[in-house]
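Chemist: So that we are looking at the same thing, I have put the structure below in structure tokens.
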Amino acid sequence: MILPGLQTPCPCRSQKSFGDCCSAYLREQAVAADPVTLMRSRYTAFCVGDLSYLKATWNPETYPEDLSADEPADWISLEILDADVEGSEAEVEFRAQLIFDNKLETLHEVSQFDLVDGRWLYHSGEFQNESAKPVSIAASAPCPCGSGKVFKHCHFKRG
Ligand SMILES: [Zn+2]
Ligand SMILES: [Zn+2]
């Protein structure tokens, strides 16, 4: 796993640099103070394949032992749709997109977080669009990541 440079845009799409956004959490120099910040930092951890951070921020009761990085995916967007904190429990609704196998997949989830010993942890999530199918992307179409390049010159993978 290689963390992004401190000056590069944060993978969580906050418009901030990695150094001003998720870096301190992934480096375990700070603990995310609220569930949305935690959500963003975990998204960044998924983008860079930081399994130790994902484990550190996952409620041990629901942590999947088989979590592994052997299915690389290009996460391209994160949108926080709603967040609701009540005491030591929280719900965050988000939509994330990734490109896998040259298709665009949209993940719409409501995640549950709990405050455990003063630290917010991810508990579980419920998919809101289980039946959604990955969508093919034409090689000559604009890449869904928003780079402005055509897909075949951006996130397209051969073979
Ligand atoms: Zn970030
Ligand atoms: Zn792209």
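Chain labels run A, B, ... following the order of the structure tokens; each chain numbers its residues from 1, and ligands are numbered from 1 in the order shown.
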Fewer than 6 positions away in the same chain doesn't count, so skip those; otherwise give me all residues within 8 Å of stretch 116-132 of chain A, counting only C-alpha atoms, as a PyMOL selection string.
Modeler: chain A and resi 31-35+38+57-59+61-62+88+106-110
Chemist: Please list as an mmCIF file with C-alpha atoms, in the first residue's frame every residue within 9 Å of A:Val150, counting only C-alpha atoms and excluding residues in the same chain fewer than 4 positions away.
Modeler:
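Generated file (around34.cif):
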```
data_model
loop_
_atom_site.group_PDB
_atom_site.id
_atom_site.type_symbol
_atom_site.label_atom_id
_atom_site.label_comp_id
_atom_site.auth_asym_id
_atom_site.auth_seq_id
_atom_site.Cartn_x
_atom_site.Cartn_y
_atom_site.Cartn_z
ATOM 1 C CA ALA A 139 -14.130 3.218 -24.847
ATOM 2 C CA SER A 140 -14.641 6.593 -26.527
ATOM 3 C CA ALA A 141 -16.998 8.032 -23.867
ATOM 4 C CA PRO A 142 -15.767 10.596 -21.320
ATOM 5 C CA CYS A 143 -14.314 8.710 -18.327
ATOM 6 C CA PRO A 144 -16.849 8.716 -15.445
ATOM 7 C CA CYS A 154 -8.033 6.931 -18.517
ATOM 8 C CA HIS A 155 -9.414 4.152 -16.302
#
```
Chemist: Counting only C-alpha atoms and all ligand atoms, which residues of chain A sit at most 9 Å from some atom of ligand 1, and what is each one's closest atom pair with its distance in Å to one decimal, listed by chain and rising residue number, as a Markdown table?
Modeler:
```
| residue | atom | partner | partner_atom_place_in_ligand_line | distance |
| --- | --- | --- | --- | --- |
| A:Pro9 | CA | ligand 1 | 1 (Zn) | 8.2 |
| A:Cys10 | CA | ligand 1 | 1 (Zn) | 4.7 |
| A:Pro11 | CA | ligand 1 | 1 (Zn) | 6.0 |
| A:Cys12 | CA | ligand 1 | 1 (Zn) | 4.3 |
| A:Arg13 | CA | ligand 1 | 1 (Zn) | 6.5 |
| A:Ser14 | CA | ligand 1 | 1 (Zn) | 5.6 |
| A:Gln15 | CA | ligand 1 | 1 (Zn) | 8.2 |
| A:Lys16 | CA | ligand 1 | 1 (Zn) | 7.0 |
| A:Ser17 | CA | ligand 1 | 1 (Zn) | 7.6 |
| A:Phe18 | CA | ligand 1 | 1 (Zn) | 6.0 |
| A:Gly19 | CA | ligand 1 | 1 (Zn) | 8.6 |
| A:Asp20 | CA | ligand 1 | 1 (Zn) | 7.8 |
| A:Cys21 | CA | ligand 1 | 1 (Zn) | 4.3 |
| A:Cys22 | CA | ligand 1 | 1 (Zn) | 4.0 |
| A:Ser23 | CA | ligand 1 | 1 (Zn) | 7.3 |
| A:Thr37 | CA | ligand 1 | 1 (Zn) | 8.0 |
| A:Arg40 | CA | ligand 1 | 1 (Zn) | 5.7 |
| A:Ser41 | CA | ligand 1 | 1 (Zn) | 5.7 |
| A:Arg42 | CA | ligand 1 | 1 (Zn) | 8.9 |
| A:Tyr43 | CA | ligand 1 | 1 (Zn) | 8.2 |
| A:Thr44 | CA | ligand 1 | 1 (Zn) | 6.3 |
```
Chemist: Around ligand 2, out to 12 Å and counting only C-alpha atoms and all ligand atoms, which residues are there? I want them as a PyMOL selection string.
Modeler: chain A and resi 74-77+97-100+102-104+137+139-157
Chemist: Could you give me, as a PyMOL selection string, each residue of stretch 42-143 of chain A that DSSP assigns to helix (DSSP H, G or I) when run on this structure's backbone?
Modeler: chain A and resi 42-48+51-56
Chemist: Dump N, CA and C atoms for the selected residues as a CSV table (one decimal), in the first residue's frame?
Modeler:
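Output (selection.csv):
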```csv
chain,number,residue,atom,x,y,z
A,42,ARG,N,-12.5,6.2,5.7
A,42,ARG,CA,-12.5,4.7,5.3
A,42,ARG,C,-12.7,4.6,3.8
A,43,TYR,N,-13.4,5.5,3.1
A,43,TYR,CA,-13.4,5.5,1.7
A,43,TYR,C,-12.0,5.6,1.1
A,44,THR,N,-11.3,6.6,1.7
A,44,THR,CA,-9.9,6.8,1.2
A,44,THR,C,-9.1,5.5,1.4
A,45,ALA,N,-9.3,4.8,2.6
A,45,ALA,CA,-8.6,3.6,2.9
A,45,ALA,C,-8.9,2.5,1.8
A,46,PHE,N,-10.2,2.5,1.4
A,46,PHE,CA,-10.6,1.5,0.4
A,46,PHE,C,-9.9,1.9,-0.9
A,47,CYS,N,-9.8,3.2,-1.2
A,47,CYS,CA,-9.1,3.6,-2.5
A,47,CYS,C,-7.7,3.2,-2.5
A,48,VAL,N,-7.0,3.3,-1.4
A,48,VAL,CA,-5.5,3.0,-1.4
A,48,VAL,C,-5.2,1.6,-0.9
A,51,LEU,N,-5.8,-1.8,4.5
A,51,LEU,CA,-6.6,-2.8,5.3
A,51,LEU,C,-6.4,-2.6,6.8
A,52,SER,N,-5.2,-2.1,7.2
A,52,SER,CA,-5.0,-2.0,8.7
A,52,SER,C,-5.9,-0.9,9.2
A,53,TYR,N,-6.1,0.2,8.4
A,53,TYR,CA,-7.0,1.3,8.9
A,53,TYR,C,-8.4,0.8,8.9
A,54,LEU,N,-8.8,0.0,7.8
A,54,LEU,CA,-10.2,-0.5,7.8
A,54,LEU,C,-10.4,-1.3,9.0
A,55,LYS,N,-9.5,-2.1,9.3
A,55,LYS,CA,-9.7,-3.0,10.5
A,55,LYS,C,-9.7,-2.2,11.8
A,56,ALA,N,-8.9,-1.2,11.9
A,56,ALA,CA,-8.8,-0.4,13.1
A,56,ALA,C,-10.1,0.4,13.3
```
Chemist: I'd like the interatomic distance between atom CA of A:Arg95 and atom CA of A:Ala83, to a tenth of an Å.
Modeler: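 Atom-to-atom, atom CA of A:Arg95 to atom CA of A:Ala83, that is 12.4 Å.
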Chemist: Determine which residues of stretch 4-141 of chain A receive a DSSP assignment of strand (DSSP E or B), computed from the backbone, and state them as a PDB file with C-alpha atoms, in the first residue's frame.
Modeler:
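Generated file (result_16.pdb):
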```pdb
ATOM      1  CA  PRO A   9      -6.109  15.800  -3.962  1.00  0.00           C
ATOM      2  CA  SER A  17      -5.243  17.908  -0.266  1.00  0.00           C
ATOM      3  CA  TRP A  58     -14.313  -1.610  12.096  1.00  0.00           C
ATOM      4  CA  ASP A  74     -10.877   2.060  -9.020  1.00  0.00           C
ATOM      5  CA  TRP A  75     -13.083   4.075  -6.717  1.00  0.00           C
ATOM      6  CA  ILE A  76     -13.962   7.290  -8.487  1.00  0.00           C
ATOM      7  CA  SER A  77     -16.521   9.145  -6.410  1.00  0.00           C
ATOM      8  CA  LEU A  78     -18.048   9.555  -2.987  1.00  0.00           C
ATOM      9  CA  GLU A  79     -21.147  11.526  -2.159  1.00  0.00           C
ATOM     10  CA  ILE A  80     -22.456  11.789   1.403  1.00  0.00           C
ATOM     11  CA  LEU A  81     -26.247  11.955   1.119  1.00  0.00           C
ATOM     12  CA  ASP A  82     -27.329  12.065   4.740  1.00  0.00           C
ATOM     13  CA  ALA A  83     -25.944  11.721   8.240  1.00  0.00           C
ATOM     14  CA  ASP A  84     -27.815  11.263  11.466  1.00  0.00           C
ATOM     15  CA  VAL A  85     -26.092  11.030  14.857  1.00  0.00           C
ATOM     16  CA  GLU A  86     -28.025  10.034  17.967  1.00  0.00           C
ATOM     17  CA  GLU A  89     -25.050   5.626  17.263  1.00  0.00           C
ATOM     18  CA  ALA A  90     -25.022   7.088  13.796  1.00  0.00           C
ATOM     19  CA  GLU A  91     -26.223   6.415  10.288  1.00  0.00           C
ATOM     20  CA  VAL A  92     -24.524   7.754   7.190  1.00  0.00           C
ATOM     21  CA  GLU A  93     -26.057   7.370   3.754  1.00  0.00           C
ATOM     22  CA  PHE A  94     -23.686   7.625   0.832  1.00  0.00           C
ATOM     23  CA  ARG A  95     -23.261   6.853  -2.818  1.00  0.00           C
ATOM     24  CA  ALA A  96     -19.900   5.725  -4.129  1.00  0.00           C
ATOM     25  CA  GLN A  97     -18.865   4.770  -7.633  1.00  0.00           C
ATOM     26  CA  LEU A  98     -16.130   2.522  -8.838  1.00  0.00           C
ATOM     27  CA  ILE A  99     -14.884   1.122 -12.102  1.00  0.00           C
ATOM     28  CA  PHE A 100     -14.356  -2.612 -12.084  1.00  0.00           C
ATOM     29  CA  LYS A 103     -17.880  -1.212 -15.969  1.00  0.00           C
ATOM     30  CA  LEU A 104     -19.285   1.503 -13.756  1.00  0.00           C
ATOM     31  CA  GLU A 105     -20.733   0.294 -10.463  1.00  0.00           C
ATOM     32  CA  THR A 106     -22.708   2.423  -8.053  1.00  0.00           C
ATOM     33  CA  LEU A 107     -22.863   1.524  -4.400  1.00  0.00           C
ATOM     34  CA  HIS A 108     -25.648   3.174  -2.451  1.00  0.00           C
ATOM     35  CA  GLU A 109     -25.443   2.260   1.203  1.00  0.00           C
ATOM     36  CA  VAL A 110     -26.663   3.280   4.622  1.00  0.00           C
ATOM     37  CA  SER A 111     -23.854   2.574   7.090  1.00  0.00           C
ATOM     38  CA  GLN A 112     -24.220   2.201  10.845  1.00  0.00           C
ATOM     39  CA  PHE A 113     -21.533   3.538  13.167  1.00  0.00           C
ATOM     40  CA  ASP A 114     -21.146   3.225  16.934  1.00  0.00           C
ATOM     41  CA  LEU A 115     -19.107   5.198  19.403  1.00  0.00           C
ATOM     42  CA  VAL A 116     -17.002   2.594  21.233  1.00  0.00           C
ATOM     43  CA  ARG A 119     -13.947   6.245  19.005  1.00  0.00           C
ATOM     44  CA  TRP A 120     -16.419   6.006  16.113  1.00  0.00           C
ATOM     45  CA  LEU A 121     -16.335   2.596  14.464  1.00  0.00           C
ATOM     46  CA  TYR A 122     -18.067   1.233  11.387  1.00  0.00           C
ATOM     47  CA  HIS A 123     -20.574  -1.433  12.349  1.00  0.00           C
ATOM     48  CA  SER A 124     -22.417  -2.546   9.234  1.00  0.00           C
ATOM     49  CA  GLY A 125     -24.101  -1.339   6.093  1.00  0.00           C
ATOM     50  CA  GLU A 126     -27.248  -1.964   4.152  1.00  0.00           C
ATOM     51  CA  PHE A 127     -27.240  -1.740   0.372  1.00  0.00           C
ATOM     52  CA  VAL A 135     -22.986  -0.364 -16.532  1.00  0.00           C
ATOM     53  CA  SER A 136     -20.642  -0.775 -19.501  1.00  0.00           C
TER      54      SER A 136
END
```
